[in-house]
file target_10.pdb (PDB, C-alpha atoms, pLDDT in the B column)
ATOM      1  CA  MET A   1     115.918  35.461 140.661  1.00 26.00           C
ATOM      2  CA  SER A   2     115.848  34.017 137.130  1.00 29.00           C
ATOM      3  CA  ALA A   3     115.537  35.109 133.519  1.00 32.00           C
ATOM      4  CA  SER A   4     111.957  33.849 133.487  1.00 36.00           C
ATOM      5  CA  THR A   5     110.717  35.583 136.613  1.00 49.00           C
ATOM      6  CA  GLY A   6     113.000  38.608 136.989  1.00 58.00           C
ATOM      7  CA  PRO A   7     114.336  39.895 140.302  1.00 65.00           C
ATOM      8  CA  GLY A   8     111.951  39.708 143.246  1.00 69.00           C
ATOM      9  CA  PRO A   9     111.295  42.130 146.127  1.00 65.00           C
ATOM     10  CA  ASN A  10     114.128  40.727 148.249  1.00 70.00           C
ATOM     11  CA  PHE A  11     116.589  41.574 145.470  1.00 67.00           C
ATOM     12  CA  TRP A  12     115.382  45.196 145.440  1.00 66.00           C
ATOM     13  CA  ASN A  13     115.182  45.427 149.223  1.00 65.00           C
ATOM     14  CA  GLU A  14     118.875  44.596 149.317  1.00 68.00           C
ATOM     15  CA  LYS A  15     119.630  47.141 146.575  1.00 66.00           C
ATOM     16  CA  TYR A  16     117.819  49.873 148.492  1.00 75.00           C
ATOM     17  CA  ASN A  17     118.935  48.896 151.997  1.00 72.00           C
ATOM     18  CA  ASN A  18     121.650  51.558 152.321  1.00 70.00           C
ATOM     19  CA  LYS A  19     119.996  54.235 154.444  1.00 66.00           C
ATOM     20  CA  GLU A  20     122.723  56.760 153.678  1.00 70.00           C
ATOM     21  CA  GLU A  21     122.271  56.868 149.911  1.00 81.00           C
ATOM     22  CA  PHE A  22     119.754  56.288 147.135  1.00 85.00           C
ATOM     23  CA  ALA A  23     120.735  53.643 144.587  1.00 74.00           C
ATOM     24  CA  TYR A  24     119.662  55.806 141.624  1.00 79.00           C
ATOM     25  CA  GLY A  25     120.070  59.147 143.343  1.00 77.00           C
ATOM     26  CA  THR A  26     117.354  61.564 144.402  1.00 89.00           C
ATOM     27  CA  GLU A  27     117.145  63.595 141.191  1.00 93.00           C
ATOM     28  CA  PRO A  28     114.438  62.760 138.632  1.00 96.00           C
ATOM     29  CA  ASN A  29     115.098  60.948 135.394  1.00 97.00           C
ATOM     30  CA  ASP A  30     116.329  63.376 132.714  1.00 96.00           C
ATOM     31  CA  PHE A  31     113.739  62.348 130.115  1.00 98.00           C
ATOM     32  CA  LEU A  32     110.896  62.729 132.598  1.00 98.00           C
ATOM     33  CA  LYS A  33     112.206  66.136 133.634  1.00 97.00           C
ATOM     34  CA  LEU A  34     112.437  67.202 129.988  1.00 97.00           C
ATOM     35  CA  ILE A  35     109.096  65.897 128.741  1.00 98.00           C
ATOM     36  CA  ILE A  36     106.603  66.576 131.547  1.00 98.00           C
ATOM     37  CA  PRO A  37     106.677  70.407 131.259  1.00 97.00           C
ATOM     38  CA  THR A  38     105.847  70.116 127.539  1.00 98.00           C
ATOM     39  CA  LEU A  39     102.635  68.143 128.155  1.00 98.00           C
ATOM     40  CA  ASN A  40     100.819  70.929 130.048  1.00 97.00           C
ATOM     41  CA  ILE A  41      99.216  68.529 132.506  1.00 98.00           C
ATOM     42  CA  PRO A  42      97.271  70.660 135.021  1.00 98.00           C
ATOM     43  CA  LYS A  43      98.442  70.785 138.621  1.00 97.00           C
ATOM     44  CA  GLY A  44      96.439  68.497 140.860  1.00 98.00           C
ATOM     45  CA  SER A  45      96.190  65.835 138.156  1.00 98.00           C
ATOM     46  CA  LYS A  46      96.394  62.213 139.304  1.00 98.00           C
ATOM     47  CA  CYS A  47      99.682  60.548 138.356  1.00 98.00           C
ATOM     48  CA  LEU A  48     100.593  56.881 138.735  1.00 98.00           C
ATOM     49  CA  MET A  49     104.289  56.007 139.008  1.00 98.00           C
ATOM     50  CA  LEU A  50     105.004  52.385 138.080  1.00 98.00           C
ATOM     51  CA  ALA A  51     107.872  50.538 139.790  1.00 96.00           C
ATOM     52  CA  ASP A  52     108.972  53.830 141.333  1.00 97.00           C
ATOM     53  CA  GLY A  53     111.778  52.344 143.418  1.00 94.00           C
ATOM     54  CA  GLU A  54     113.008  54.799 146.051  1.00 93.00           C
ATOM     55  CA  GLY A  55     110.665  57.483 144.774  1.00 96.00           C
ATOM     56  CA  ARG A  56     112.875  60.048 143.079  1.00 96.00           C
ATOM     57  CA  ASN A  57     110.520  60.406 140.099  1.00 98.00           C
ATOM     58  CA  GLY A  58     107.305  60.338 142.099  1.00 98.00           C
ATOM     59  CA  VAL A  59     108.614  62.972 144.481  1.00 98.00           C
ATOM     60  CA  TYR A  60     109.606  65.149 141.517  1.00 98.00           C
ATOM     61  CA  MET A  61     106.064  64.895 140.133  1.00 98.00           C
ATOM     62  CA  ALA A  62     104.659  65.815 143.538  1.00 98.00           C
ATOM     63  CA  GLN A  63     106.953  68.846 143.613  1.00 98.00           C
ATOM     64  CA  LEU A  64     105.348  69.940 140.341  1.00 98.00           C
ATOM     65  CA  GLY A  65     101.978  69.908 142.077  1.00 98.00           C
ATOM     66  CA  TYR A  66     100.554  66.561 140.970  1.00 98.00           C
ATOM     67  CA  ASP A  67      98.546  64.082 143.055  1.00 98.00           C
ATOM     68  CA  VAL A  68     101.023  61.209 142.972  1.00 98.00           C
ATOM     69  CA  THR A  69     100.667  57.500 143.691  1.00 98.00           C
ATOM     70  CA  SER A  70     103.928  55.531 143.614  1.00 98.00           C
ATOM     71  CA  VAL A  71     103.828  51.737 143.408  1.00 97.00           C
ATOM     72  CA  ASP A  72     106.739  49.362 143.981  1.00 95.00           C
ATOM     73  CA  TYR A  73     107.055  45.890 145.449  1.00 91.00           C
ATOM     74  CA  SER A  74     110.123  46.759 147.493  1.00 91.00           C
ATOM     75  CA  SER A  75     108.983  47.692 150.993  1.00 92.00           C
ATOM     76  CA  VAL A  76     112.390  49.308 151.595  1.00 92.00           C
ATOM     77  CA  GLY A  77     111.998  51.387 148.446  1.00 92.00           C
ATOM     78  CA  ILE A  78     108.546  52.529 149.506  1.00 94.00           C
ATOM     79  CA  GLU A  79     109.803  53.588 152.944  1.00 93.00           C
ATOM     80  CA  LYS A  80     112.575  55.587 151.293  1.00 93.00           C
ATOM     81  CA  THR A  81     109.984  57.160 148.979  1.00 96.00           C
ATOM     82  CA  LYS A  82     108.086  58.377 152.035  1.00 96.00           C
ATOM     83  CA  GLN A  83     111.288  59.704 153.598  1.00 95.00           C
ATOM     84  CA  LEU A  84     112.302  61.539 150.426  1.00 96.00           C
ATOM     85  CA  ALA A  85     108.836  63.042 150.058  1.00 97.00           C
ATOM     86  CA  SER A  86     108.940  64.246 153.655  1.00 97.00           C
ATOM     87  CA  SER A  87     112.378  65.791 153.153  1.00 96.00           C
ATOM     88  CA  LYS A  88     111.007  67.712 150.136  1.00 97.00           C
ATOM     89  CA  SER A  89     107.816  68.741 152.001  1.00 98.00           C
ATOM     90  CA  VAL A  90     105.497  66.983 149.545  1.00 98.00           C
ATOM     91  CA  THR A  91     102.997  64.143 149.809  1.00 97.00           C
ATOM     92  CA  VAL A  92     103.150  60.908 147.824  1.00 98.00           C
ATOM     93  CA  GLU A  93     100.813  57.963 148.299  1.00 98.00           C
ATOM     94  CA  ALA A  94     103.374  55.157 148.357  1.00 97.00           C
ATOM     95  CA  ILE A  95     102.046  51.621 147.952  1.00 97.00           C
ATOM     96  CA  VAL A  96     103.839  48.285 148.319  1.00 96.00           C
ATOM     97  CA  ALA A  97     102.382  46.099 145.578  1.00 95.00           C
ATOM     98  CA  ASP A  98     103.348  43.641 142.873  1.00 94.00           C
ATOM     99  CA  LEU A  99     102.505  45.149 139.486  1.00 95.00           C
ATOM    100  CA  ALA A 100     101.870  41.624 138.197  1.00 94.00           C
ATOM    101  CA  THR A 101      98.610  41.677 140.155  1.00 95.00           C
ATOM    102  CA  PHE A 102      98.057  45.371 140.985  1.00 97.00           C
ATOM    103  CA  ASP A 103      94.774  46.802 139.651  1.00 97.00           C
ATOM    104  CA  LEU A 104      95.471  50.047 137.773  1.00 98.00           C
ATOM    105  CA  GLY A 105      91.758  50.849 137.713  1.00 98.00           C
ATOM    106  CA  LYS A 106      89.669  52.347 134.916  1.00 98.00           C
ATOM    107  CA  ASN A 107      89.657  55.974 133.717  1.00 98.00           C
ATOM    108  CA  GLN A 108      91.576  56.907 136.842  1.00 98.00           C
ATOM    109  CA  TRP A 109      94.898  58.540 135.880  1.00 98.00           C
ATOM    110  CA  ASP A 110      95.823  61.748 134.082  1.00 98.00           C
ATOM    111  CA  CYS A 111      99.392  60.502 133.703  1.00 98.00           C
ATOM    112  CA  VAL A 112     101.004  57.064 133.962  1.00 98.00           C
ATOM    113  CA  VAL A 113     104.806  57.016 134.205  1.00 98.00           C
ATOM    114  CA  GLY A 114     107.201  54.092 133.949  1.00 98.00           C
ATOM    115  CA  ILE A 115     110.925  54.794 134.174  1.00 98.00           C
ATOM    116  CA  PHE A 116     113.105  51.706 133.740  1.00 96.00           C
ATOM    117  CA  CYS A 117     110.249  49.466 134.871  1.00 96.00           C
ATOM    118  CA  HIS A 118     111.307  46.066 133.556  1.00 95.00           C
ATOM    119  CA  PHE A 119     109.310  42.846 133.832  1.00 94.00           C
ATOM    120  CA  PRO A 120     109.188  39.363 132.309  1.00 95.00           C
ATOM    121  CA  PRO A 121     107.279  39.418 128.987  1.00 97.00           C
ATOM    122  CA  PRO A 122     103.940  38.024 130.287  1.00 96.00           C
ATOM    123  CA  ILE A 123     103.790  40.608 133.088  1.00 96.00           C
ATOM    124  CA  ARG A 124     104.973  43.384 130.782  1.00 97.00           C
ATOM    125  CA  SER A 125     102.267  42.540 128.227  1.00 97.00           C
ATOM    126  CA  LYS A 126      99.572  42.484 130.886  1.00 97.00           C
ATOM    127  CA  LEU A 127     100.715  45.797 132.352  1.00 97.00           C
ATOM    128  CA  LEU A 128     101.023  47.581 129.007  1.00 98.00           C
ATOM    129  CA  GLY A 129      97.607  46.254 128.080  1.00 98.00           C
ATOM    130  CA  ALA A 130      96.058  47.694 131.245  1.00 98.00           C
ATOM    131  CA  ILE A 131      97.544  51.189 130.960  1.00 98.00           C
ATOM    132  CA  PRO A 132      95.242  52.727 128.290  1.00 98.00           C
ATOM    133  CA  ALA A 133      92.031  51.703 130.067  1.00 98.00           C
ATOM    134  CA  ALA A 134      93.426  53.063 133.341  1.00 98.00           C
ATOM    135  CA  MET A 135      94.067  56.488 131.805  1.00 98.00           C
ATOM    136  CA  LYS A 136      91.529  59.286 131.667  1.00 98.00           C
ATOM    137  CA  LYS A 137      90.610  60.807 128.316  1.00 98.00           C
ATOM    138  CA  GLY A 138      93.373  63.247 127.408  1.00 98.00           C
ATOM    139  CA  GLY A 139      95.789  61.555 129.802  1.00 98.00           C
ATOM    140  CA  TYR A 140      99.394  60.724 129.016  1.00 98.00           C
ATOM    141  CA  CYS A 141     101.632  57.671 129.281  1.00 98.00           C
ATOM    142  CA  VAL A 142     105.358  58.405 129.626  1.00 98.00           C
ATOM    143  CA  LEU A 143     107.942  55.611 129.499  1.00 98.00           C
ATOM    144  CA  GLU A 144     111.701  55.334 129.286  1.00 98.00           C
ATOM    145  CA  CYS A 145     113.143  51.830 129.338  1.00 98.00           C
ATOM    146  CA  TYR A 146     116.263  49.959 128.329  1.00 97.00           C
ATOM    147  CA  ARG A 147     116.522  48.097 125.014  1.00 98.00           C
ATOM    148  CA  PRO A 148     118.303  44.737 124.520  1.00 97.00           C
ATOM    149  CA  GLU A 149     121.257  46.637 123.038  1.00 97.00           C
ATOM    150  CA  GLN A 150     121.876  47.911 126.558  1.00 96.00           C
ATOM    151  CA  LEU A 151     123.590  44.605 127.306  1.00 96.00           C
ATOM    152  CA  GLU A 152     126.507  45.853 125.204  1.00 96.00           C
ATOM    153  CA  TYR A 153     126.941  48.983 127.331  1.00 94.00           C
ATOM    154  CA  LYS A 154     126.772  47.360 130.777  1.00 90.00           C
ATOM    155  CA  THR A 155     125.896  50.656 132.462  1.00 93.00           C
ATOM    156  CA  GLY A 156     122.749  49.524 134.271  1.00 89.00           C
ATOM    157  CA  GLY A 157     119.476  47.713 133.810  1.00 89.00           C
ATOM    158  CA  PRO A 158     118.519  44.035 133.574  1.00 92.00           C
ATOM    159  CA  HIS A 159     121.065  41.395 132.658  1.00 91.00           C
ATOM    160  CA  VAL A 160     118.729  39.565 130.266  1.00 95.00           C
ATOM    161  CA  ALA A 161     117.287  40.904 127.012  1.00 96.00           C
ATOM    162  CA  SER A 162     113.824  39.409 127.576  1.00 96.00           C
ATOM    163  CA  LEU A 163     113.101  41.953 130.331  1.00 96.00           C
ATOM    164  CA  MET A 164     113.788  44.907 128.049  1.00 97.00           C
ATOM    165  CA  TYR A 165     111.654  46.955 125.642  1.00 98.00           C
ATOM    166  CA  SER A 166     111.776  48.077 122.025  1.00 98.00           C
ATOM    167  CA  ARG A 167     109.980  50.507 119.777  1.00 98.00           C
ATOM    168  CA  GLU A 168     108.127  47.560 118.252  1.00 98.00           C
ATOM    169  CA  ILE A 169     106.901  46.257 121.618  1.00 98.00           C
ATOM    170  CA  LEU A 170     105.468  49.662 122.502  1.00 98.00           C
ATOM    171  CA  LEU A 171     103.977  50.165 119.054  1.00 98.00           C
ATOM    172  CA  GLU A 172     102.200  46.824 119.240  1.00 98.00           C
ATOM    173  CA  ALA A 173     100.889  47.575 122.728  1.00 98.00           C
ATOM    174  CA  PHE A 174      99.622  51.091 122.099  1.00 98.00           C
ATOM    175  CA  GLN A 175      99.129  51.888 118.406  1.00 97.00           C
ATOM    176  CA  SER A 176      95.388  51.153 118.446  1.00 97.00           C
ATOM    177  CA  LYS A 177      94.743  52.676 121.863  1.00 98.00           C
ATOM    178  CA  LEU A 178      96.820  55.851 122.231  1.00 98.00           C
ATOM    179  CA  GLU A 179      97.909  58.727 120.041  1.00 98.00           C
ATOM    180  CA  ILE A 180     101.639  58.083 119.890  1.00 98.00           C
ATOM    181  CA  GLN A 181     103.537  61.364 120.167  1.00 98.00           C
ATOM    182  CA  LYS A 182     106.999  59.851 120.657  1.00 98.00           C
ATOM    183  CA  ASN A 183     108.377  56.346 120.265  1.00 98.00           C
ATOM    184  CA  GLU A 184     112.106  56.676 119.745  1.00 98.00           C
ATOM    185  CA  GLU A 185     115.078  54.404 120.209  1.00 98.00           C
ATOM    186  CA  LEU A 186     118.320  56.195 121.038  1.00 98.00           C
ATOM    187  CA  VAL A 187     121.586  56.051 122.924  1.00 98.00           C
ATOM    188  CA  ARG A 188     122.065  58.680 125.621  1.00 96.00           C
ATOM    189  CA  ASP A 189     124.032  59.238 128.807  1.00 93.00           C
ATOM    190  CA  VAL A 190     122.122  57.945 131.833  1.00 92.00           C
ATOM    191  CA  ILE A 191     123.883  58.990 135.032  1.00 83.00           C
ATOM    192  CA  GLU A 192     121.666  58.199 138.014  1.00 83.00           C
ATOM    193  CA  GLY A 193     123.141  57.373 141.403  1.00 71.00           C
ATOM    194  CA  THR A 194     125.626  54.498 141.531  1.00 74.00           C
ATOM    195  CA  LEU A 195     123.740  51.981 139.355  1.00 72.00           C
ATOM    196  CA  HIS A 196     123.119  53.898 136.101  1.00 79.00           C
ATOM    197  CA  THR A 197     126.556  54.937 135.000  1.00 79.00           C
ATOM    198  CA  GLY A 198     126.950  56.034 131.385  1.00 89.00           C
ATOM    199  CA  LYS A 199     125.890  55.625 127.763  1.00 95.00           C
ATOM    200  CA  ALA A 200     122.723  53.596 127.499  1.00 95.00           C
ATOM    201  CA  ALA A 201     120.410  52.163 124.835  1.00 97.00           C
ATOM    202  CA  VAL A 202     116.872  53.306 125.650  1.00 98.00           C
ATOM    203  CA  VAL A 203     113.445  53.694 124.123  1.00 98.00           C
ATOM    204  CA  GLN A 204     111.400  56.791 125.003  1.00 98.00           C
ATOM    205  CA  PHE A 205     107.637  56.818 124.640  1.00 98.00           C
ATOM    206  CA  VAL A 206     104.866  59.373 125.026  1.00 98.00           C
ATOM    207  CA  GLY A 207     101.249  58.521 124.242  1.00 98.00           C
ATOM    208  CA  ARG A 208      97.982  60.401 124.755  1.00 98.00           C
ATOM    209  CA  LYS A 209      94.586  58.836 125.248  1.00 98.00           C
ATOM    210  CA  PRO A 210      92.159  60.371 122.726  1.00 98.00           C
TER     211      PRO A 210
END

call {"tool": "encode", "arguments": {"input": "target_10.pdb", "output": "structure tokens"}}
result
Amino acid sequence: MSASTGPGPNFWNEKYNNKEEFAYGTEPNDFLKLIIPTLNIPKGSKCLMLADGEGRNGVYMAQLGYDVTSVDYSSVGIEKTKQLASSKSVTVEAIVADLATFDLGKNQWDCVVGIFCHFPPPIRSKLLGAIPAAMKKGGYCVLECYRPEQLEYKTGGPHVASLMYSREILLEAFQSKLEIQKNEELVRDVIEGTLHTGKAAVVQFVGRKP
């Protein structure tokens, strides 16, 4: 693991290796839970969950009636996603893949979600650049990520600023491709499992493909 490459799958496999608990809990992210009902995305819509970890957010979307694909490069995380989905009596297509090379497709997704999905800048730029083309017309992109100011709070997230996001990064990536409905930097309480533990500096984004 390094500042230039970010943590690899072995790092996350170790994080997720406790079979008795989920590192970030089993409840969905608060922002996701708040924003999705306001978007009126029809049930059965195809939703892509980026870097979905142990699956808490993908399983939540499946519980709402969406056709969910969760992608993460931790094989342990993907297995726990399948277990959580089974325990909630829902189905999630859970894929082990590296988002640095994963093909998001074209005009394929009604909703693309990334919750605390942090990557080195070249991979982040490539991924953000691929999202609009992968979305269907009228589809939504929903993101919540840490900002560099999060390093002051020490309540979770990457340990290097280069892996984090800002309002400006998201504006540059999406302003000519999506209708930006929300792009806000704020500090809020993020309490998720044992690894997100308090006040946090985040950026929240919602964009719609016209």

call {"tool": "residues_near_point", "arguments": {"input": "target_10.pdb", "point": "(96.3, 58.7, 121.3)", "cutoff": "10 Å", "atoms": "only C-alpha atoms", "output": "list in words"}}
result
Pro132, Lys137, Gly138, Gly139, Tyr140, Cys141, Phe174, Gln175, Ser176, Lys177, Leu178, Glu179, Ile180, Gln181, Val206, Gly207, Arg208, Lys209 and Pro210 of chain A

call {"tool": "residues_around", "arguments": {"input": "target_10.pdb", "residues": "Ala133 in chain A", "least_positions_apart": "5", "cutoff": "8 Å", "atoms": "all atoms listed in the file", "output": "VMD selection string"}}
result
chain A and resid 105 to 107

call {"tool": "resolve_selection", "arguments": {"input": "target_10.pdb", "expression": "the PyMOL selection byres ((chain A and resi 148-157) around 7)", "output": "mmCIF file with C-alpha atoms, in the frame of the given file"}}
result
data_model
loop_
_atom_site.group_PDB
_atom_site.id
_atom_site.type_symbol
_atom_site.label_atom_id
_atom_site.label_comp_id
_atom_site.auth_asym_id
_atom_site.auth_seq_id
_atom_site.Cartn_x
_atom_site.Cartn_y
_atom_site.Cartn_z
ATOM 1 C CA TYR A 146 116.263 49.959 128.329
ATOM 2 C CA ARG A 147 116.522 48.097 125.014
ATOM 3 C CA PRO A 158 118.519 44.035 133.574
ATOM 4 C CA HIS A 159 121.065 41.395 132.658
ATOM 5 C CA ALA A 161 117.287 40.904 127.012
ATOM 6 C CA MET A 164 113.788 44.907 128.049
ATOM 7 C CA LEU A 195 123.740 51.981 139.355
ATOM 8 C CA HIS A 196 123.119 53.898 136.101
ATOM 9 C CA THR A 197 126.556 54.937 135.000
ATOM 10 C CA GLY A 198 126.950 56.034 131.385
ATOM 11 C CA LYS A 199 125.890 55.625 127.763
ATOM 12 C CA ALA A 200 122.723 53.596 127.499
ATOM 13 C CA ALA A 201 120.410 52.163 124.835
#

call {"tool": "residues_around", "arguments": {"input": "target_10.pdb", "residues": "Asp72 in chain A", "least_positions_apart": "2", "cutoff": "9 Å", "atoms": "all atoms listed in the file", "output": "PyMOL selection string"}}
result
chain A and resi 9+49-54+70+74-75+77-78+94-99

call {"tool": "resolve_selection", "arguments": {"input": "target_10.pdb", "expression": "the PyMOL selection byres ((chain A and resi 35) around 12)", "output": "list in words"}}
result
Pro28, Asn29, Asp30, Phe31, Leu32, Lys33, Leu34, Ile36, Pro37, Thr38, Leu39, Asn40, Ile41, Met61, Val113, Tyr140, Cys141, Val142, Leu143, Glu144, Gln181, Lys182, Gln204, Phe205, Val206 and Gly207 of chain A

call {"tool": "closest_residue", "arguments": {"input": "target_10.pdb", "among": "A:Arg124, A:Lys136, A:Lys43, A:Lys80", "to": "Cys111 in chain A", "atoms": "only C-alpha atoms"}}
result
A:Lys136

call {"tool": "resolve_selection", "arguments": {"input": "target_10.pdb", "expression": "the PyMOL selection byres ((chain A and resi 69) around 7)", "output": "PyMOL selection string"}}
result
chain A and resi 47-49+67-68+70-71+92-94

call {"tool": "closest_residue", "arguments": {"input": "target_10.pdb", "among": "A:Thr81, A:Ser125, A:Gln108, A:Asn18", "to": "Glu172 in chain A", "atoms": "only C-alpha atoms"}}
result
A:Ser125

call {"tool": "closest_residue", "arguments": {"input": "target_10.pdb", "among": "A:Lys126, A:Asn10, A:Ala134, A:Trp109", "to": "Tyr73 in chain A", "atoms": "all atoms listed in the file"}}
result
A:Asn10

call {"tool": "closest_residue", "arguments": {"input": "target_10.pdb", "among": "A:Glu79, A:Ile123, A:Ile131, A:Leu84", "to": "Leu104 in chain A", "atoms": "all atoms listed in the file"}}
result
A:Ile131

call {"tool": "closest_residue", "arguments": {"input": "target_10.pdb", "among": "A:Ala100, A:Met135, A:Val187, A:Ile169", "to": "Lys46 in chain A", "atoms": "only C-alpha atoms"}}
result
A:Met135

call {"tool": "decode", "arguments": {"input": "target_10.pdb", "residues": "range 55-73 of chain A", "atoms": "N, CA, C and O atoms", "output": "PDB file, in the first residue's frame"}}
result
ATOM      1  N   GLY A  55     -21.199  -4.700   1.192  1.00  0.00           N
ATOM      2  CA  GLY A  55     -22.506  -4.756   0.562  1.00  0.00           C
ATOM      3  C   GLY A  55     -23.666  -4.083   1.259  1.00  0.00           C
ATOM      4  O   GLY A  55     -24.800  -4.170   0.787  1.00  0.00           O
ATOM      5  N   ARG A  56     -23.418  -3.355   2.327  1.00  0.00           N
ATOM      6  CA  ARG A  56     -24.544  -2.785   3.071  1.00  0.00           C
ATOM      7  C   ARG A  56     -25.397  -1.852   2.206  1.00  0.00           C
ATOM      8  O   ARG A  56     -26.633  -1.858   2.318  1.00  0.00           O
ATOM      9  N   ASN A  57     -24.759  -1.079   1.333  1.00  0.00           N
ATOM     10  CA  ASN A  57     -25.522  -0.139   0.504  1.00  0.00           C
ATOM     11  C   ASN A  57     -26.201  -0.832  -0.674  1.00  0.00           C
ATOM     12  O   ASN A  57     -27.339  -0.512  -1.023  1.00  0.00           O
ATOM     13  N   GLY A  58     -25.517  -1.793  -1.272  1.00  0.00           N
ATOM     14  CA  GLY A  58     -26.135  -2.542  -2.358  1.00  0.00           C
ATOM     15  C   GLY A  58     -27.332  -3.345  -1.891  1.00  0.00           C
ATOM     16  O   GLY A  58     -28.366  -3.409  -2.568  1.00  0.00           O
ATOM     17  N   VAL A  59     -27.206  -3.955  -0.729  1.00  0.00           N
ATOM     18  CA  VAL A  59     -28.326  -4.732  -0.182  1.00  0.00           C
ATOM     19  C   VAL A  59     -29.507  -3.813   0.127  1.00  0.00           C
ATOM     20  O   VAL A  59     -30.663  -4.157  -0.132  1.00  0.00           O
ATOM     21  N   TYR A  60     -29.226  -2.635   0.656  1.00  0.00           N
ATOM     22  CA  TYR A  60     -30.305  -1.663   0.901  1.00  0.00           C
ATOM     23  C   TYR A  60     -31.034  -1.323  -0.397  1.00  0.00           C
ATOM     24  O   TYR A  60     -32.274  -1.290  -0.432  1.00  0.00           O
ATOM     25  N   MET A  61     -30.276  -1.079  -1.460  1.00  0.00           N
ATOM     26  CA  MET A  61     -30.912  -0.754  -2.749  1.00  0.00           C
ATOM     27  C   MET A  61     -31.743  -1.926  -3.259  1.00  0.00           C
ATOM     28  O   MET A  61     -32.841  -1.741  -3.818  1.00  0.00           O
ATOM     29  N   ALA A  62     -31.252  -3.137  -3.062  1.00  0.00           N
ATOM     30  CA  ALA A  62     -32.028  -4.313  -3.457  1.00  0.00           C
ATOM     31  C   ALA A  62     -33.310  -4.428  -2.644  1.00  0.00           C
ATOM     32  O   ALA A  62     -34.367  -4.825  -3.168  1.00  0.00           O
ATOM     33  N   GLN A  63     -33.251  -4.063  -1.373  1.00  0.00           N
ATOM     34  CA  GLN A  63     -34.448  -4.086  -0.533  1.00  0.00           C
ATOM     35  C   GLN A  63     -35.496  -3.090  -1.010  1.00  0.00           C
ATOM     36  O   GLN A  63     -36.694  -3.290  -0.787  1.00  0.00           O
ATOM     37  N   LEU A  64     -35.041  -2.031  -1.686  1.00  0.00           N
ATOM     38  CA  LEU A  64     -35.978  -1.052  -2.245  1.00  0.00           C
ATOM     39  C   LEU A  64     -36.575  -1.524  -3.559  1.00  0.00           C
ATOM     40  O   LEU A  64     -37.458  -0.853  -4.112  1.00  0.00           O
ATOM     41  N   GLY A  65     -36.094  -2.659  -4.069  1.00  0.00           N
ATOM     42  CA  GLY A  65     -36.670  -3.214  -5.280  1.00  0.00           C
ATOM     43  C   GLY A  65     -35.870  -2.980  -6.543  1.00  0.00           C
ATOM     44  O   GLY A  65     -36.351  -3.226  -7.649  1.00  0.00           O
ATOM     45  N   TYR A  66     -34.607  -2.550  -6.401  1.00  0.00           N
ATOM     46  CA  TYR A  66     -33.774  -2.304  -7.571  1.00  0.00           C
ATOM     47  C   TYR A  66     -32.980  -3.541  -7.978  1.00  0.00           C
ATOM     48  O   TYR A  66     -32.728  -4.434  -7.169  1.00  0.00           O
ATOM     49  N   ASP A  67     -32.600  -3.575  -9.249  1.00  0.00           N
ATOM     50  CA  ASP A  67     -31.762  -4.635  -9.816  1.00  0.00           C
ATOM     51  C   ASP A  67     -30.312  -4.201  -9.609  1.00  0.00           C
ATOM     52  O   ASP A  67     -29.799  -3.348 -10.341  1.00  0.00           O
ATOM     53  N   VAL A  68     -29.660  -4.766  -8.609  1.00  0.00           N
ATOM     54  CA  VAL A  68     -28.400  -4.229  -8.104  1.00  0.00           C
ATOM     55  C   VAL A  68     -27.201  -5.081  -8.523  1.00  0.00           C
ATOM     56  O   VAL A  68     -27.211  -6.304  -8.391  1.00  0.00           O
ATOM     57  N   THR A  69     -26.160  -4.388  -8.996  1.00  0.00           N
ATOM     58  CA  THR A  69     -24.852  -4.990  -9.214  1.00  0.00           C
ATOM     59  C   THR A  69     -23.853  -4.278  -8.313  1.00  0.00           C
ATOM     60  O   THR A  69     -23.696  -3.051  -8.390  1.00  0.00           O
ATOM     61  N   SER A  70     -23.198  -5.033  -7.437  1.00  0.00           N
ATOM     62  CA  SER A  70     -22.190  -4.488  -6.536  1.00  0.00           C
ATOM     63  C   SER A  70     -20.811  -4.943  -6.987  1.00  0.00           C
ATOM     64  O   SER A  70     -20.600  -6.136  -7.219  1.00  0.00           O
ATOM     65  N   VAL A  71     -19.882  -3.989  -7.091  1.00  0.00           N
ATOM     66  CA  VAL A  71     -18.528  -4.299  -7.538  1.00  0.00           C
ATOM     67  C   VAL A  71     -17.538  -3.896  -6.449  1.00  0.00           C
ATOM     68  O   VAL A  71     -17.617  -2.797  -5.895  1.00  0.00           O
ATOM     69  N   ASP A  72     -16.613  -4.797  -6.141  1.00  0.00           N
ATOM     70  CA  ASP A  72     -15.532  -4.487  -5.208  1.00  0.00           C
ATOM     71  C   ASP A  72     -14.376  -5.425  -5.506  1.00  0.00           C
ATOM     72  O   ASP A  72     -14.603  -6.536  -5.979  1.00  0.00           O
ATOM     73  N   TYR A  73     -13.141  -4.985  -5.231  1.00  0.00           N
ATOM     74  CA  TYR A  73     -12.038  -5.903  -5.520  1.00  0.00           C
ATOM     75  C   TYR A  73     -11.591  -6.708  -4.319  1.00  0.00           C
ATOM     76  O   TYR A  73     -10.618  -7.449  -4.390  1.00  0.00           O
TER      77      TYR A  73
END
